[in-house]
>>> print(open('start_30.tsv').read())   # TSV, C-alpha atoms
chain	number	residue	atom	x	y	z
A	1	MET	CA	77.46	89.11	51.71
A	2	SER	CA	81.09	89.60	50.70
A	3	SER	CA	81.99	89.15	47.04
A	4	LYS	CA	85.62	88.42	47.90
A	5	PRO	CA	87.03	84.88	48.00
A	6	ALA	CA	87.52	83.20	51.34
A	7	TYR	CA	90.29	84.65	53.51
A	8	VAL	CA	92.51	81.91	54.95
A	9	HIS	CA	94.74	82.47	57.97
A	10	ARG	CA	97.06	79.76	59.34
A	11	PHE	CA	99.20	79.50	62.45
A	12	THR	CA	100.32	76.92	65.00
A	13	ALA	CA	99.08	76.87	68.59
A	14	MET	CA	98.52	74.25	71.28
A	15	THR	CA	100.92	71.97	69.34
A	16	VAL	CA	98.54	71.73	66.34
A	17	PRO	CA	98.12	73.50	62.98
A	18	CYS	CA	95.27	76.02	63.10
A	19	GLU	CA	93.29	77.31	60.13
A	20	ILE	CA	90.70	80.07	59.98
A	21	ILE	CA	88.55	80.47	56.85
A	22	LEU	CA	86.49	83.65	56.73
A	23	PHE	CA	84.01	85.08	54.23
A	24	ALA	CA	84.24	88.78	55.05
A	25	ASP	CA	85.34	92.06	53.47
A	26	ASP	CA	87.82	92.95	56.20
A	27	ALA	CA	88.87	89.53	57.39
A	28	LYS	CA	92.55	89.97	58.30
A	29	PRO	CA	92.09	91.96	61.56
A	30	LEU	CA	89.47	89.44	62.70
A	31	ALA	CA	91.73	86.50	61.91
A	32	VAL	CA	94.58	88.13	63.85
A	33	ALA	CA	92.24	88.78	66.80
A	34	ILE	CA	91.23	85.10	66.80
A	35	GLU	CA	94.88	84.01	66.74
A	36	ASP	CA	95.75	86.43	69.57
A	37	ASN	CA	92.87	85.14	71.70
A	38	THR	CA	93.87	81.53	71.02
A	39	ARG	CA	97.43	82.20	72.13
A	40	ARG	CA	96.17	84.02	75.22
A	41	LEU	CA	94.11	80.99	76.23
A	42	GLU	CA	97.02	78.66	75.51
A	43	ALA	CA	99.33	80.67	77.76
A	44	LYS	CA	96.80	81.06	80.55
A	45	TYR	CA	95.84	77.40	80.86
A	46	ASN	CA	99.07	75.63	79.90
A	47	PHE	CA	99.54	72.61	82.19
A	48	HIS	CA	103.22	72.26	81.23
A	49	ASP	CA	104.20	75.89	81.89
A	50	LYS	CA	105.00	76.53	85.55
A	51	ASP	CA	104.31	80.24	85.01
A	52	SER	CA	100.83	79.85	83.52
A	53	TRP	CA	97.77	80.97	85.45
A	54	LEU	CA	96.64	77.35	85.75
A	55	SER	CA	99.95	76.25	87.24
A	56	ARG	CA	100.33	79.18	89.63
A	57	GLN	CA	96.76	79.64	90.82
A	58	VAL	CA	95.35	76.11	90.65
A	59	ASN	CA	97.99	73.39	90.47
A	60	THR	CA	100.40	74.92	93.01
A	61	ARG	CA	97.71	76.53	95.16
A	62	ARG	CA	98.30	77.05	98.87
A	63	SER	CA	94.68	76.73	99.84
A	64	SER	CA	91.78	74.37	99.22
A	65	LYS	CA	89.85	77.25	97.65
A	66	VAL	CA	90.71	79.29	94.57
A	67	GLU	CA	88.80	82.43	93.59
A	68	LEU	CA	88.03	82.31	89.86
A	69	ASP	CA	87.73	84.96	87.22
A	70	HIS	CA	84.53	84.82	85.17
A	71	GLU	CA	86.17	83.18	82.16
A	72	THR	CA	87.64	80.30	84.15
A	73	TRP	CA	84.40	79.84	86.09
A	74	THR	CA	82.50	79.63	82.79
A	75	ILE	CA	84.89	77.02	81.41
A	76	LEU	CA	84.86	74.86	84.54
A	77	ARG	CA	81.10	75.08	84.92
A	78	GLN	CA	80.63	73.72	81.40
A	79	VAL	CA	83.34	71.10	81.84
A	80	ARG	CA	81.77	69.87	85.05
A	81	GLU	CA	78.33	69.65	83.45
A	82	TYR	CA	79.60	67.66	80.48
A	83	SER	CA	81.90	65.51	82.63
A	84	MET	CA	78.94	64.54	84.79
A	85	ALA	CA	77.01	63.64	81.65
A	86	THR	CA	79.85	61.27	80.67
A	87	GLN	CA	79.61	59.61	84.10
A	88	GLY	CA	82.97	61.11	85.02
A	89	ILE	CA	84.78	59.34	82.20
A	90	PHE	CA	86.08	62.66	80.93
A	91	ASP	CA	88.25	63.83	83.80
A	92	ILE	CA	90.38	66.98	83.94
A	93	THR	CA	91.95	65.76	87.19
A	94	ILE	CA	94.10	63.48	85.03
A	95	GLY	CA	96.63	66.23	85.69
A	96	SER	CA	97.08	64.64	89.12
A	97	LEU	CA	98.36	61.45	87.52
A	98	LYS	CA	100.67	63.34	85.15
A	99	TYR	CA	102.09	65.37	88.02
A	100	LEU	CA	102.76	62.26	90.10
A	101	GLU	CA	104.37	60.48	87.13
A	102	ALA	CA	106.64	63.47	86.50
A	103	ASN	CA	107.82	63.40	90.12
A	104	GLN	CA	107.98	59.62	90.51
A	105	PRO	CA	108.85	58.42	87.01
A	106	ASP	CA	109.89	54.94	88.15
A	107	LEU	CA	106.39	54.01	89.31
A	108	SER	CA	104.50	51.62	87.07
A	109	ARG	CA	101.27	52.67	85.38
A	110	GLU	CA	99.25	50.53	87.80
A	111	ALA	CA	101.05	51.93	90.84
A	112	LEU	CA	100.47	55.49	89.67
A	113	TYR	CA	96.75	54.97	89.25
A	114	LEU	CA	96.44	53.22	92.60
A	115	SER	CA	98.29	56.01	94.37
A	116	ILE	CA	96.44	58.94	92.84
A	117	GLU	CA	92.95	57.51	92.29
A	118	PRO	CA	91.52	58.80	95.61
A	119	TYR	CA	92.37	62.36	94.55
A	120	MET	CA	90.87	62.24	91.06
A	121	GLY	CA	87.38	62.51	89.62
A	122	LEU	CA	84.40	64.79	90.10
A	123	ASN	CA	84.37	64.23	93.87
A	124	ALA	CA	87.81	65.82	94.12
A	125	TRP	CA	86.62	69.30	93.11
A	126	SER	CA	83.55	71.49	93.13
A	127	LEU	CA	82.38	75.00	92.34
A	128	GLU	CA	80.96	77.08	95.16
A	129	GLY	CA	79.90	80.45	93.86
A	130	MET	CA	82.94	81.89	92.10
A	131	ASN	CA	85.29	79.62	94.04
A	132	LEU	CA	86.97	76.41	92.92
A	133	CYS	CA	87.19	74.05	95.88
A	134	PHE	CA	89.39	70.98	96.34
A	135	SER	CA	89.18	68.18	98.86
A	136	HIS	CA	92.88	67.27	98.61
A	137	CYS	CA	96.12	69.08	97.86
A	138	LEU	CA	97.26	66.44	95.34
A	139	THR	CA	94.44	67.13	92.89
A	140	ARG	CA	95.60	68.93	89.77
A	141	PHE	CA	93.92	69.95	86.52
A	142	ASP	CA	95.07	69.34	82.97
A	143	LEU	CA	92.85	71.30	80.59
A	144	GLY	CA	94.58	70.00	77.47
A	145	GLY	CA	91.38	68.31	76.34
A	146	VAL	CA	89.36	71.48	76.93
A	147	ILE	CA	91.09	74.72	75.99
A	148	LYS	CA	91.62	74.00	72.28
A	149	GLU	CA	87.93	73.31	71.92
A	150	TYR	CA	86.97	76.32	74.03
A	151	SER	CA	89.22	78.53	71.89
A	152	ILE	CA	87.36	77.31	68.80
A	153	ASP	CA	84.07	78.31	70.39
A	154	GLN	CA	85.58	81.67	71.35
A	155	ALA	CA	86.66	82.14	67.74
A	156	VAL	CA	83.08	81.61	66.57
A	157	ASP	CA	81.86	84.14	69.14
A	158	LEU	CA	84.29	86.69	67.66
A	159	VAL	CA	83.09	85.82	64.16
A	160	LYS	CA	79.46	86.35	65.12
A	161	ALA	CA	80.22	89.67	66.78
A	162	ALA	CA	82.00	90.86	63.63
A	163	GLY	CA	78.99	90.15	61.42
A	164	VAL	CA	80.79	87.60	59.26
A	165	THR	CA	78.50	85.61	56.97
A	166	GLY	CA	80.53	82.41	56.92
A	167	ALA	CA	83.49	80.90	58.75
A	168	LEU	CA	85.22	77.61	59.38
A	169	ILE	CA	87.58	77.23	62.33
A	170	ASN	CA	89.85	74.19	62.23
A	171	PHE	CA	92.32	73.65	65.08
A	172	GLY	CA	94.09	70.35	64.61
A	173	GLY	CA	91.10	68.63	63.03
A	174	ASP	CA	88.63	69.92	65.61
A	175	ILE	CA	86.24	72.07	63.62
A	176	ARG	CA	83.32	74.43	64.03
A	177	THR	CA	81.45	76.26	61.31
A	178	PHE	CA	79.30	79.36	61.25
A	179	GLY	CA	77.03	80.48	58.43
A	180	GLN	CA	77.60	79.34	54.88
A	181	LYS	CA	79.96	79.61	51.94
A	182	LEU	CA	79.45	82.30	49.30
A	183	ASP	CA	77.18	80.12	47.18
A	184	GLY	CA	74.94	79.38	50.14
A	185	SER	CA	76.12	75.80	50.52
A	186	PRO	CA	77.20	74.35	53.88
A	187	PHE	CA	80.77	73.56	54.79
A	188	VAL	CA	81.67	69.92	54.14
A	189	VAL	CA	84.41	68.44	56.33
A	190	ALA	CA	86.28	65.17	56.09
A	191	VAL	CA	87.28	62.67	58.75
A	192	LEU	CA	90.61	61.05	57.99
A	193	ASN	CA	91.50	57.40	57.71
A	194	PRO	CA	93.11	56.47	61.06
A	195	LYS	CA	95.74	54.38	59.29
A	196	ASP	CA	96.48	56.86	56.50
A	197	SER	CA	96.10	60.49	57.54
A	198	GLN	CA	96.45	61.62	53.91
A	199	LYS	CA	93.16	60.02	52.93
A	200	PRO	CA	89.61	60.89	54.06
A	201	LEU	CA	87.43	58.02	55.21
A	202	PHE	CA	84.13	59.89	55.14
A	203	SER	CA	82.79	63.43	54.97
A	204	LEU	CA	79.69	65.27	56.09
A	205	PRO	CA	78.20	68.79	55.99
A	206	LEU	CA	78.22	71.01	59.05
A	207	ASN	CA	75.55	73.65	59.56
A	208	ASN	CA	76.52	75.91	62.47
A	209	GLN	CA	77.94	72.85	64.19
A	210	ALA	CA	81.17	71.52	65.61
A	211	LEU	CA	82.96	68.28	64.82
A	212	THR	CA	85.76	66.71	66.83
A	213	THR	CA	87.55	63.39	66.46
A	214	SER	CA	89.37	61.65	69.28
A	215	ALA	CA	91.80	58.92	68.34
A	216	HIS	CA	94.62	56.98	69.94
A	217	TYR	CA	96.59	55.79	66.93
A	218	GLN	CA	99.06	58.68	66.57
A	219	ARG	CA	99.99	60.10	69.98
A	220	HIS	CA	101.11	58.12	73.01
A	221	TYR	CA	101.96	58.50	76.68
A	222	GLN	CA	105.06	56.84	78.07
A	223	PHE	CA	105.00	55.18	81.49
A	224	SER	CA	108.02	53.48	83.08
A	225	ASP	CA	106.66	50.05	82.21
A	226	GLY	CA	105.13	50.72	78.81
A	227	GLN	CA	103.40	53.00	76.38
A	228	THR	CA	99.68	53.77	76.19
A	229	SER	CA	97.35	56.06	74.30
A	230	HIS	CA	97.66	59.75	75.12
A	231	ILE	CA	93.97	59.49	76.09
A	232	LEU	CA	94.54	58.43	79.66
A	233	ALA	CA	92.07	56.29	81.59
A	234	LYS	CA	92.58	53.61	84.21
A	235	GLY	CA	91.03	50.96	82.01
A	236	GLY	CA	92.58	52.37	78.85
A	237	VAL	CA	90.85	53.24	75.59
A	238	HIS	CA	88.52	50.66	74.06
A	239	PRO	CA	90.56	48.24	71.89
A	240	GLN	CA	87.89	48.02	69.16
A	241	VAL	CA	87.71	51.79	68.63
A	242	LEU	CA	90.41	53.53	66.61
A	243	SER	CA	88.59	56.86	66.65
A	244	SER	CA	85.31	58.45	67.67
A	245	THR	CA	83.83	61.46	65.91
A	246	VAL	CA	81.14	63.65	67.46
A	247	VAL	CA	79.00	66.44	66.00
A	248	ALA	CA	77.50	68.86	68.52
A	249	ASP	CA	76.55	72.50	68.87
A	250	THR	CA	79.90	73.52	70.37
A	251	ALA	CA	83.44	72.25	70.04
A	252	LEU	CA	83.75	71.92	73.82
A	253	GLU	CA	80.77	69.59	74.06
A	254	ALA	CA	81.85	67.61	71.01
A	255	GLY	CA	85.42	67.26	72.29
A	256	ILE	CA	84.42	65.99	75.71
A	257	TYR	CA	82.05	63.40	74.28
A	258	SER	CA	84.44	62.22	71.55
A	259	THR	CA	87.12	61.62	74.19
A	260	ALA	CA	84.72	59.82	76.51
A	261	LEU	CA	83.35	57.62	73.71
A	262	THR	CA	86.86	56.49	72.83
A	263	ILE	CA	87.10	55.11	76.35
A	264	LYS	CA	83.51	53.87	76.67
A	265	PRO	CA	81.76	53.64	73.26
A	266	THR	CA	78.56	52.33	74.87
A	267	LEU	CA	78.10	55.58	76.81
A	268	ASP	CA	74.62	57.11	76.50
A	269	VAL	CA	74.71	60.45	74.69
A	270	PRO	CA	72.01	63.09	74.21
A	271	ASP	CA	69.81	62.86	71.13
A	272	SER	CA	71.17	66.24	70.02
A	273	ILE	CA	74.61	64.73	69.46
A	274	GLY	CA	75.68	62.74	66.42
A	275	PHE	CA	78.56	60.30	66.62
A	276	ALA	CA	80.43	57.71	64.58
A	277	PHE	CA	83.14	55.18	65.31
A	278	ILE	CA	85.92	53.77	63.18
A	279	ASP	CA	86.81	50.31	64.42
A	280	ASP	CA	90.08	48.42	64.28
A	281	LYS	CA	89.12	47.05	60.83
A	282	LEU	CA	88.44	50.58	59.46
A	283	THR	CA	84.70	49.97	59.40
A	284	LEU	CA	82.45	52.96	60.06
A	285	HIS	CA	79.71	52.58	62.69
A	286	GLN	CA	76.97	55.00	63.76
A	287	ASP	CA	76.08	53.02	66.86
A	288	ALA	CA	77.89	50.86	69.40
A	289	GLU	CA	76.30	47.54	68.46
A	290	PHE	CA	79.63	46.31	67.06
A	291	ILE	CA	81.21	46.40	70.50
A	292	GLN	CA	81.86	42.93	71.86
A	293	SER	CA	81.19	42.45	75.53
>>> encode(input="start_30.tsv", output="structure tokens")
Amino acid sequence: MSSKPAYVHRFTAMTVPCEIILFADDAKPLAVAIEDNTRRLEAKYNFHDKDSWLSRQVNTRRSSKVELDHETWTILRQVREYSMATQGIFDITIGSLKYLEANQPDLSREALYLSIEPYMGLNAWSLEGMNLCFSHCLTRFDLGGVIKEYSIDQAVDLVKAAGVTGALINFGGDIRTFGQKLDGSPFVVAVLNPKDSQKPLFSLPLNNQALTTSAHYQRHYQFSDGQTSHILAKGGVHPQVLSSTVVADTALEAGIYSTALTIKPTLDVPDSIGFAFIDDKLTLHQDAEFIQS
């Protein structure tokens, strides 16, 4: 185990502050490699960049079938599995709605959803071997709720391969830990007060686990007839839930479930996943019994 203090590396990617904490003798090259890989993923799967791989190969495709590289196939296979487990609540085809809104900005929120709904959801796409298949040309992907979490998991893979004894990866409050601190204690992370981001509301230890929090109190999406949460769903986010926090084995799994639970807090989740809600009165809940029907 390294006798040196933790090496901390910070940068900004995917619109969020990123922090890497490593307990290793030669940490700087590893931290730089993690940053480089994160930026590579950001560039490749950027929904808003017309020159990204996602835009060119998927969202402006000329065929109903797209041949995938192994990395993209791996991502989409996991996303599909977890999306199915959330009953389709987590939906990467929300890119279809965003694309339509960008091209017809005068349409109301309701009109946009009515127009694009037939081309969204798990029935709109499938994986056949190494091919991504679509049933309609209007279906588009937005992987904004996926790639940050996947890049965290990739960072941990790099950490493991380098033989690091302890690491904490924090990209915009989405966190995954590996190993332990120098004294053998686990990493303890805090979840912030939704109404005062300078104050923690609760904290918990993570032991080779990931933690993500989805919330709708800071970022918004603007439609022609009003503003909503940036977490887009036809029925909106649940009004009693300010944020949902999930602990899982990977950041990707945690992120998908924390987003889905913000929309439907009564969703069944696997026993292997821990979750907590902060309601509109800043009360912490570890079940959904507080939800009023």
>>> residues_around(input="start_30.tsv", residues="Glu81 in chain A", least_positions_apart="4", cutoff="12 Å", atoms="all atoms listed in the file", output="MDAnalysis selection string")
chainID A and resid 74:77 85:88 90:91 122 126:127 252:253 256:257
>>> write_last_selection(input="start_30.tsv", atoms="C-alpha atoms", output="tab-separated table (two decimals), in the frame of the given file")
chain	number	residue	atom	x	y	z
A	74	THR	CA	82.50	79.63	82.79
A	75	ILE	CA	84.89	77.02	81.41
A	76	LEU	CA	84.86	74.86	84.54
A	77	ARG	CA	81.10	75.08	84.92
A	85	ALA	CA	77.01	63.64	81.65
A	86	THR	CA	79.85	61.27	80.67
A	87	GLN	CA	79.61	59.61	84.10
A	88	GLY	CA	82.97	61.11	85.02
A	90	PHE	CA	86.08	62.66	80.93
A	91	ASP	CA	88.25	63.83	83.80
A	122	LEU	CA	84.40	64.79	90.10
A	126	SER	CA	83.55	71.49	93.13
A	127	LEU	CA	82.38	75.00	92.34
A	252	LEU	CA	83.75	71.92	73.82
A	253	GLU	CA	80.77	69.59	74.06
A	256	ILE	CA	84.42	65.99	75.71
A	257	TYR	CA	82.05	63.40	74.28
>>> atom_distance(input="start_30.tsv", atom1="CA of Val269 in chain A", atom2="CA of Lys98 in chain A")
28.1 Å
>>> closest_residue(input="start_30.tsv", among="A:Asp69, A:Glu110, A:Glu117, A:Asp49", to="Asp142 in chain A", atoms="only C-alpha atoms")
A:Asp49
>>> axis_aligned_box(input="start_30.tsv", around="range 277-286 of chain A", padding_each_side="4 Å", output="lines of an AutoDock Vina configuration file")
center_x = 83.5
center_y = 51.1
center_z = 62.4
size_x = 21.1
size_y = 16.1
size_z = 13.9
>>> atom_distance(input="start_30.tsv", atom1="CA of Arg80 in chain A", atom2="CA of Ile147 in chain A")
13.9 Å
>>> atom_distance(input="start_30.tsv", atom1="CA of Glu19 in chain A", atom2="CA of Phe171 in chain A")
6.2 Å
>>> residues_around(input="start_30.tsv", residues="Gly236 in chain A", least_positions_apart="5", cutoff="12 Å", atoms="all atoms listed in the file", output="ChimeraX atom specification")
/A:89,109-110,113,216,220-221,227-231,241,259-264
>>> residues_around(input="start_30.tsv", residues="Asn37 in chain A", least_positions_apart="5", cutoff="9 Å", atoms="all atoms listed in the file", output="ChimeraX atom specification")
/A:32,42,151,154-155
>>> closest_residue(input="start_30.tsv", among="A:Val237, A:Ser115, A:Gly129, A:Leu211", to="Phe275 in chain A", atoms="all atoms listed in the file")
A:Leu211
>>> closest_residue(input="start_30.tsv", among="A:Ser197, A:Thr266, A:Val191, A:Ala254", to="Ile278 in chain A", atoms="all atoms listed in the file")
A:Val191
>>> residues_around(input="start_30.tsv", residues="range 157-169 of chain A", least_positions_apart="6", cutoff="8 Å", atoms="all atoms listed in the file", output="PyMOL selection string")
chain A and resi 1-2+18-24+30+34+175-182+187
>>> closest_residue(input="start_30.tsv", among="A:Thr72, A:Thr38, A:Thr93, A:Thr15", to="Asp153 in chain A", atoms="all atoms listed in the file")
A:Thr38
>>> residues_around(input="start_30.tsv", residues="Leu143 in chain A", least_positions_apart="4", cutoff="8 Å", atoms="all atoms listed in the file", output="list of chain:residue names")
A:Tyr45, A:Asn46, A:Phe47, A:Ile92, A:Ile147
>>> closest_residue(input="start_30.tsv", among="A:Arg140, A:Lys148, A:His70, A:Arg61", to="Val16 in chain A", atoms="all atoms listed in the file")
A:Lys148
>>> closest_residue(input="start_30.tsv", among="A:Asp183, A:Asp36, A:Glu149, A:Asp287", to="Gln78 in chain A", atoms="only C-alpha atoms")
A:Glu149
